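Asker: Structure below; questions to follow.
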Amino acid sequence: MAEQKDPKPKAAEKAPGLRVTAKREGFRRAGWNWSTAPIELPAANFSKEEIAALRAEPMLVVEDIEIAAEV
């Protein structure tokens, strides 16, 4: 007997993330070496204090994004 395929593909799980871009190549903050190319990471990689420090840093542009949840 042939299997029936689910007509609706399951939506990918989303998780909160951060897109961080440095204004100068090689800028370091919160234990990371940031690039002028945007870096997208799960927000769960950072403590609340680290996120606050990243947001407060004038040499970084921090954006809230949704990323695919890690399984």
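Naming scheme: A, B, ... for chains in displayed order of the structure tokens; residues 1 onward per chain; ligands 1 onward as shown.
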Could I get the residues of stretch 28-48 of chain A with an atom no further than 7 Å from an atom of stretch 15-20 of chain A, each paired with its nearest atom pair and that distance in Å to one decimal, using only C-alpha atoms, sorted by chain and residue number, as JSON lines?
Answerer:
{"residue": "A:Pro38", "atom": "CA", "partner": "A:Val20", "partner_atom": "CA", "distance": 5.5}
{"residue": "A:Ile39", "atom": "CA", "partner": "A:Val20", "partner_atom": "CA", "distance": 5.3}
{"residue": "A:Glu40", "atom": "CA", "partner": "A:Arg19", "partner_atom": "CA", "distance": 4.4}
{"residue": "A:Leu41", "atom": "CA", "partner": "A:Leu18", "partner_atom": "CA", "distance": 5.5}
{"residue": "A:Pro42", "atom": "CA", "partner": "A:Gly17", "partner_atom": "CA", "distance": 4.2}
{"residue": "A:Ala43", "atom": "CA", "partner": "A:Gly17", "partner_atom": "CA", "distance": 4.5}
Asker: From a backbone DSSP assignment, name each residue in chain A labelled strand (DSSP E or B), as a PyMOL selection string.
Answerer: chain A and resi 14-22+27-29+32-34+39-42+60-68
Asker: Would you mind telling me which residue in A:Ala52, A:Ile67, A:Leu60, A:Ala12 lies nearest to A:Glu25 when using only C-alpha atoms?
Answerer: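 Ranked by minimum distance to A:Glu25, first place goes to A:Leu60.
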Asker: Out of A:Trp34, A:Ala44, A:Glu13, A:Gly26, which residue has the shortest atom-to-atom distance to A:Val61 when counting only C-alpha atoms?
Answerer: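 Closest to A:Val61 of all the choices is A:Trp34.
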Asker: Nearest to A:Ser47 among A:Ser35, A:Val62, A:Ala30, A:Lys23, with distances taken over only C-alpha atoms: which residue is it?
Answerer: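 Comparing A:Ser35, A:Val62, A:Ala30, A:Lys23 against A:Ser47, the winner is A:Ala30.
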Asker: Just checking: using only C-alpha atoms, which residue out of A:Lys14, A:Ala56, A:Ala68, A:Glu50 ends up closest to A:Trp32?
Answerer: A:Glu50
Asker: Could you tell me how far atom CA of A:Arg29 lies from atom CA of A:Met59, in Å and to one decimal?
Answerer: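 Result for atom CA of A:Arg29 versus atom CA of A:Met59: 9.5 Å, one decimal.
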Asker: As a list in words, list the residues of chain A assigned to alpha helix (DSSP H) by DSSP on the backbone atoms of this structure.
Answerer: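 Filtering chain A to alpha helix (DSSP H) leaves Lys48, Glu49, Glu50, Ile51, Ala52, Ala53, Leu54, Arg55 and Ala56 of chain A.
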